[in-house]
>>> print(open('input.txt').read())   # compact mmCIF, C-alpha atoms and all ligand atoms
# COMPACT_ATOMS: atom_id res chain seq x y z
CA MET A 12 78.64 60.84 152.47
CA ASN A 13 75.07 59.72 153.14
CA ARG A 14 72.46 59.52 150.45
CA ARG A 15 70.49 62.55 151.47
CA LYS A 16 73.55 64.68 151.51
CA PHE A 17 74.62 63.30 148.18
CA LEU A 18 71.26 64.10 146.66
CA SER A 19 71.38 67.58 148.00
CA TYR A 20 74.69 68.01 146.23
CA VAL A 21 73.42 66.58 142.99
CA GLY A 22 70.45 68.83 143.16
CA CYS A 23 72.42 72.01 143.49
CA GLY A 24 72.54 72.61 139.78
CA CYS A 25 76.06 73.87 139.53
CA CYS A 26 78.03 70.86 140.61
CA GLY A 27 76.00 67.73 140.16
CA PHE A 28 78.61 65.65 138.46
CA ILE A 29 81.91 66.66 139.96
CA LEU A 30 81.31 66.55 143.65
CA ASN A 31 84.69 67.46 145.03
CA SER A 32 84.90 70.58 142.88
CA CYS A 33 81.97 72.03 144.68
CA SER A 34 82.40 74.83 147.18
CA THR A 35 80.44 77.81 148.39
CA ALA A 36 80.83 81.56 148.03
CA PRO A 37 81.84 83.33 151.25
CA ILE A 38 79.03 84.80 153.41
CA THR A 39 76.23 84.14 150.90
CA GLU A 40 77.08 80.40 150.84
CA ARG A 41 75.90 80.11 147.26
CA ARG A 42 77.25 76.89 145.75
CA GLN A 43 79.97 77.23 143.17
CA LEU A 44 81.79 75.02 140.74
CA LYS A 45 85.55 75.35 140.83
CA LEU A 46 87.56 73.20 138.49
CA ILE A 47 90.43 75.49 137.70
CA PRO A 48 92.97 76.07 140.45
CA GLU A 49 92.74 79.57 141.84
CA SER A 50 96.52 79.92 142.06
CA LYS A 51 96.83 79.41 138.31
CA LEU A 52 94.22 82.01 137.54
CA ASN A 53 95.82 84.47 139.97
CA ALA A 54 99.25 84.01 138.42
CA GLN A 55 97.81 84.57 134.96
CA ALA A 56 95.95 87.65 136.11
CA ALA A 57 99.11 89.08 137.68
CA GLN A 58 100.87 88.73 134.33
CA ILE A 59 98.10 90.54 132.48
CA TYR A 60 98.00 93.22 135.17
CA LYS A 61 101.67 93.89 134.52
CA LYS A 62 100.92 94.39 130.85
CA VAL A 63 98.09 96.78 131.66
CA LYS A 64 100.46 98.83 133.83
CA ASN A 65 102.96 99.05 130.98
CA LYS A 66 100.44 99.97 128.33
CA GLU A 67 98.11 102.39 130.05
CA LYS A 68 98.79 105.91 131.23
CA LEU A 69 98.68 105.73 135.00
CA ILE A 70 98.03 108.50 137.49
CA THR A 71 100.53 107.86 140.24
CA ASP A 72 100.51 111.08 142.17
CA SER A 73 97.12 112.57 142.98
CA LYS A 74 94.56 112.79 145.72
CA GLU A 75 92.45 110.26 143.86
CA ILE A 76 95.03 107.49 143.77
CA SER A 77 95.80 108.12 147.46
CA ASN A 78 92.08 107.71 148.17
CA ILE A 79 91.93 104.50 146.14
CA LYS A 80 94.89 103.06 148.05
CA GLU A 81 93.51 104.20 151.40
CA ILE A 82 90.10 102.64 150.73
CA GLY A 83 91.69 99.48 149.36
CA LYS A 84 93.98 99.02 152.36
CA LYS A 85 91.08 99.52 154.77
CA MET A 86 88.98 97.07 152.84
CA GLN A 87 91.61 94.35 152.59
CA LYS A 88 92.30 94.60 156.33
CA SER A 89 88.62 94.60 157.24
CA ILE A 90 87.88 91.59 155.06
CA GLY A 91 90.76 89.62 156.61
CA GLU A 92 89.72 90.65 160.10
CA TYR A 93 86.08 89.77 159.49
CA PHE A 94 86.86 86.22 158.43
CA TYR A 95 89.36 85.86 161.28
CA GLN A 96 86.85 87.05 163.90
CA SER A 97 84.12 84.87 162.42
CA ASN A 98 86.39 81.85 162.56
CA LEU A 99 85.96 81.27 158.84
CA PRO A 100 88.61 80.58 156.22
CA ASP A 101 89.83 83.86 154.72
CA PRO A 102 89.20 83.76 150.96
CA THR A 103 91.82 86.47 150.42
CA VAL A 104 94.74 84.39 151.66
CA GLY A 105 97.14 84.30 148.74
CA PHE A 106 95.95 87.65 147.39
CA ASP A 107 98.60 90.13 146.38
CA TRP A 108 96.64 93.38 146.51
CA GLU A 109 97.59 96.18 144.17
CA TYR A 110 95.86 99.36 143.04
CA ILE A 111 96.20 101.53 139.95
CA LEU A 112 94.38 104.55 138.58
CA ILE A 113 94.26 104.64 134.77
CA ASP A 114 94.12 108.07 133.15
CA ASN A 115 91.17 107.61 130.81
CA LYS A 116 88.16 109.86 131.23
CA LYS A 117 86.17 108.02 128.58
CA VAL A 118 86.07 104.75 130.47
CA ARG A 119 83.64 104.72 133.38
CA ASN A 120 84.78 101.45 134.78
CA ALA A 121 86.78 99.65 137.41
CA TRP A 122 87.77 96.04 137.85
CA CYS A 123 89.49 93.69 140.25
CA MET A 124 91.33 90.73 138.79
CA PRO A 125 91.50 87.38 140.55
CA GLY A 126 94.05 87.70 143.33
CA GLY A 127 93.30 91.33 144.18
CA LYS A 128 94.73 93.33 141.27
CA ILE A 129 92.57 96.43 141.08
CA ALA A 130 92.22 99.14 138.45
CA VAL A 131 90.06 102.24 138.50
CA TYR A 132 89.61 104.37 135.35
CA SER A 133 89.54 108.11 135.93
CA GLY A 134 86.22 108.30 134.05
CA ILE A 135 84.33 106.64 136.89
CA LEU A 136 85.47 109.26 139.39
CA ASP A 137 82.83 111.63 137.94
CA VAL A 138 80.24 109.09 139.07
CA THR A 139 81.70 108.05 142.42
CA LYS A 140 82.18 111.72 143.47
CA ASN A 141 83.34 111.02 147.02
CA LYS A 142 85.09 108.39 149.16
CA ASN A 143 81.88 106.56 150.02
CA GLY A 144 81.00 106.32 146.34
CA LEU A 145 84.48 105.14 145.45
CA ALA A 146 84.32 102.57 148.25
CA ALA A 147 81.02 101.31 146.82
CA VAL A 148 82.53 100.68 143.39
CA MET A 149 85.73 99.21 144.80
CA GLY A 150 83.78 97.01 147.23
CA HIS A 151 81.73 95.63 144.35
CA GLU A 152 84.80 94.84 142.26
CA ILE A 153 86.74 93.39 145.19
CA ALA A 154 83.70 91.22 145.97
CA HIS A 155 83.94 89.59 142.52
CA ALA A 156 87.51 88.56 143.40
CA VAL A 157 86.76 87.52 147.00
CA ALA A 158 83.82 85.38 145.83
CA LYS A 159 86.09 83.87 143.15
CA HIS A 160 83.66 84.62 140.33
CA SER A 161 86.39 84.31 137.71
CA VAL A 162 87.35 80.84 138.90
CA GLU A 163 83.71 79.90 138.71
CA ARG A 164 83.28 81.38 135.25
CA ALA A 165 86.43 79.75 133.94
CA SER A 166 85.31 76.41 135.38
CA ARG A 167 81.95 76.68 133.71
CA GLY A 168 83.70 77.44 130.46
CA VAL A 169 85.55 74.16 130.73
CA ILE A 170 82.34 72.28 131.38
CA LEU A 171 80.48 73.92 128.53
CA ASN A 172 83.41 73.24 126.27
CA THR A 173 83.82 76.89 125.48
CA GLY A 174 86.87 76.97 127.66
CA THR A 175 89.41 76.26 124.96
CA GLN A 176 90.51 79.87 125.05
CA LEU A 177 90.99 79.75 128.79
CA ILE A 178 92.92 76.51 128.64
CA ASP A 179 95.05 78.15 126.01
CA ILE A 180 95.65 81.03 128.42
CA PHE A 181 97.02 78.62 130.99
CA SER A 182 99.44 77.19 128.51
CA GLY A 183 100.52 80.69 127.61
CA GLY A 184 99.34 80.36 124.02
CA LYS A 185 96.76 83.09 123.95
CA LEU A 186 98.95 85.54 125.75
CA SER A 187 101.85 85.16 123.37
CA GLN A 188 99.46 85.45 120.47
CA VAL A 189 98.08 88.70 121.80
CA ASN A 190 101.59 89.96 122.38
CA LYS A 191 102.27 89.72 118.70
CA ALA A 192 99.21 91.71 117.76
CA THR A 193 100.10 95.35 117.66
CA GLY A 194 97.82 98.21 118.57
CA MET A 195 95.41 96.21 120.64
CA ASN A 196 94.42 98.26 123.62
CA THR A 197 94.37 96.71 127.03
CA VAL A 198 90.59 96.75 127.27
CA GLY A 199 90.56 94.54 124.19
CA LEU A 200 93.30 92.43 125.68
CA LEU A 201 91.40 92.02 128.93
CA SER A 202 88.13 91.05 127.33
CA GLN A 203 89.86 88.68 124.95
CA LEU A 204 91.40 86.95 127.91
CA GLY A 205 88.11 86.75 129.69
CA ILE A 206 89.01 89.07 132.54
CA MET A 207 86.41 91.65 131.66
CA ASN A 208 83.76 89.41 130.21
CA PRO A 209 80.48 89.96 131.93
CA PHE A 210 79.69 88.04 135.05
CA ASN A 211 76.27 86.52 135.25
CA ARG A 212 73.40 88.16 137.05
CA LYS A 213 73.65 86.02 140.17
CA GLN A 214 77.31 86.92 140.48
CA GLU A 215 76.58 90.60 139.92
CA SER A 216 73.93 90.59 142.58
CA GLU A 217 76.26 88.75 144.94
CA ALA A 218 79.00 91.32 144.23
CA ASP A 219 76.58 94.14 145.04
CA TYR A 220 75.64 92.49 148.32
CA LEU A 221 79.15 91.50 149.43
CA GLY A 222 80.53 94.83 148.23
CA MET A 223 78.17 96.67 150.55
CA ILE A 224 79.19 94.42 153.43
CA PHE A 225 82.89 95.09 152.77
CA SER A 226 82.26 98.85 152.53
CA SER A 227 80.33 98.83 155.77
CA LEU A 228 82.96 96.74 157.58
CA SER A 229 85.57 99.24 156.39
CA GLY A 230 83.66 102.15 157.89
CA TYR A 231 82.16 103.67 154.74
CA ASP A 232 78.61 104.92 154.44
CA ILE A 233 76.75 102.47 152.23
CA ARG A 234 73.79 104.81 151.93
CA GLU A 235 75.85 106.35 149.13
CA THR A 236 75.72 103.10 147.11
CA PRO A 237 72.29 103.54 145.48
CA LYS A 238 73.21 107.16 144.72
CA ILE A 239 76.13 106.21 142.49
CA TRP A 240 73.83 103.93 140.49
CA GLU A 241 71.37 106.78 140.14
CA ARG A 242 74.18 109.00 138.86
CA MET A 243 75.35 106.26 136.51
CA LYS A 244 71.83 105.92 135.15
CA LYS A 245 71.59 109.65 134.53
CA ILE A 246 74.94 109.82 132.74
CA ASN A 247 74.05 106.86 130.54
CA LYS A 248 70.69 108.17 129.48
CA GLY A 249 70.26 107.58 125.76
CA LYS A 250 73.70 106.07 125.38
CA ALA A 251 74.95 102.51 125.47
CA PRO A 252 75.83 101.56 129.03
CA PRO A 253 79.52 101.19 129.89
CA GLU A 254 80.93 97.76 130.52
CA PHE A 255 80.60 98.22 134.24
CA MET A 256 76.82 98.20 133.86
CA SER A 257 76.34 96.19 130.73
CA THR A 258 75.37 92.98 132.48
CA HIS A 259 72.57 94.68 134.31
CA PRO A 260 69.43 94.90 132.26
CA SER A 261 67.74 96.98 134.87
CA ALA A 262 69.49 99.59 136.96
CA ASP A 263 66.20 100.23 138.73
CA ASN A 264 65.94 96.66 139.91
CA ARG A 265 69.48 96.84 141.19
CA ILE A 266 68.86 100.06 143.10
CA LYS A 267 65.72 98.56 144.59
CA LYS A 268 67.64 95.55 145.91
CA ILE A 269 70.45 97.71 147.27
CA ASN A 270 67.92 99.81 149.17
CA GLU A 271 66.33 96.68 150.61
CA TRP A 272 69.69 95.42 151.91
CA THR A 273 71.09 98.69 153.29
CA ASN A 274 69.70 98.88 156.83
CA LYS A 275 70.29 95.24 157.65
CA ILE A 276 73.88 95.39 156.42
CA ILE A 277 74.55 98.52 158.48
CA LEU A 278 73.26 96.68 161.57
CA ASP A 279 74.83 93.29 160.90
CA TYR A 280 78.21 94.44 159.58
CA PRO A 281 79.29 97.52 161.55
CA PRO A 282 82.83 98.90 161.05
CA ILE A 283 85.32 96.36 162.27
CA ASN A 284 88.11 97.58 164.53
CA ILE A 285 91.44 97.39 162.81
CA SER A 286 94.62 98.57 164.40
ZN ZN B 301 80.20 93.47 138.69
>>> encode(input="input.txt", output="structure tokens")
Amino acid sequence: MNRRKFLSYVGCGCCGFILNSCSTAPITERRQLKLIPESKLNAQAAQIYKKVKNKEKLITDSKEISNIKEIGKKMQKSIGEYFYQSNLPDPTVGFDWEYILIDNKKVRNAWCMPGGKIAVYSGILDVTKNKNGLAAVMGHEIAHAVAKHSVERASRGVILNTGTQLIDIFSGGKLSQVNKATGMNTVGLLSQLGIMNPFNRKQESEADYLGMIFSSLSGYDIRETPKIWERMKKINKGKAPPEFMSTHPSADNRIKKINEWTNKIILDYPPINIS
């Protein structure tokens, strides 16, 4: 590595001192620090996902869950195809996609665990309203997983020495401890294990951007995206924002950015042909 290149690495802010742990987010090419092996995090997430499925009331037979699965399948295929056609490494290799709909009207949320384990709460369906809206939310959540934001967050935790809990997760300690605790709901379980802790603003913005790209590649109308945030804003008026929005100090700023990106994404990332 020559000096200039080295300096450019050191200067990147996120990975100055551990050079070989440095990588970049797909498409946006934002530099990321990755210390914790993705496979470990995925395996851990799959275990927690299993627990969520056992604990929560799931809707397994409805138009909504069919829509979620249909959108998800289209999206996973389009993402794979996009990276293949672009001759880029597919970040979703090793994903084991799965989709559930949790029967809970009070929770307006959705998440995608590392490795492609997705959950939608029935409460958010009042906001998404239609397939394009649902694709917008799913695209955003899937983008967090595709861009490996959890790996990045966990790695930062290690660096900042606040990662003891996460290290404990890998050894199985935390999980067995939580198992013993009775009456803890899965939302509590998830946040305790760091799955639903807020991402930072850069990651949120990146998830918005990549999510729109994935929606567009999958053939959904991303002009619906700002509309769901408008609806979310309306519903939340005067109340504390749900977790899904809690890391966003300004919904208006987010909507503004989304509007700025829309036309270019529609042009640059048209629906990809999947057989
Ligand atoms: Zn997010």
>>> closest_atom_pairs(input="input.txt", of="chain A", to="ligand ZN 301 (chain B)", cutoff="7 Å", atoms="all atoms listed in the file", output="CSV")
residue,atom,partner,partner_atom,distance
A:His151,CA,B:ZN301,ZN,6.2
A:Glu152,CA,B:ZN301,ZN,6.0
A:His155,CA,B:ZN301,ZN,6.6
A:Phe210,CA,B:ZN301,ZN,6.6
A:Glu215,CA,B:ZN301,ZN,4.8
A:Ala218,CA,B:ZN301,ZN,6.1
A:Phe255,CA,B:ZN301,ZN,6.5
>>> closest_residue(input="input.txt", among="A:Glu271, A:Asp279, A:Glu163, A:Asp232", to="Leu52 in chain A", atoms="all atoms listed in the file")
A:Glu163
>>> atom_distance(input="input.txt", atom1="CA of Gly222 in chain A", atom2="CA of Cys123 in chain A")
12.1 Å
>>> atom_distance(input="input.txt", atom1="CA of Ser77 in chain A", atom2="CA of Ser133 in chain A")
13.1 Å
>>> closest_residue(input="input.txt", among="A:Lys64, A:Lys275, A:Lys84, A:Arg234", to="Gly144 in chain A", atoms="all atoms listed in the file")
A:Arg234
>>> closest_residue(input="input.txt", among="A:Asn141, A:Ser226, A:Asn247, A:Ser97", to="Glu75 in chain A", atoms="only C-alpha atoms")
A:Asn141
>>> residues_near_point(input="input.txt", point="(93.2, 88.5, 137.9)", cutoff="6 Å", atoms="all atoms listed in the file", output="list in words")
Asn53, Ala56, Ala57, Met124, Pro125 and Gly126 of chain A
>>> residues_around(input="input.txt", residues="Lys142 in chain A", least_positions_apart="6", cutoff="10 Å", atoms="all atoms listed in the file", output="list in words")
Glu75, Asn78, Ile79, Glu81, Ile82, Leu136, Val148, Tyr231, Asp232 and Glu235 of chain A
>>> closest_residue(input="input.txt", among="A:Glu241, A:Asp101, A:Glu109, A:Asp219", to="Lys268 in chain A", atoms="only C-alpha atoms")
A:Asp219
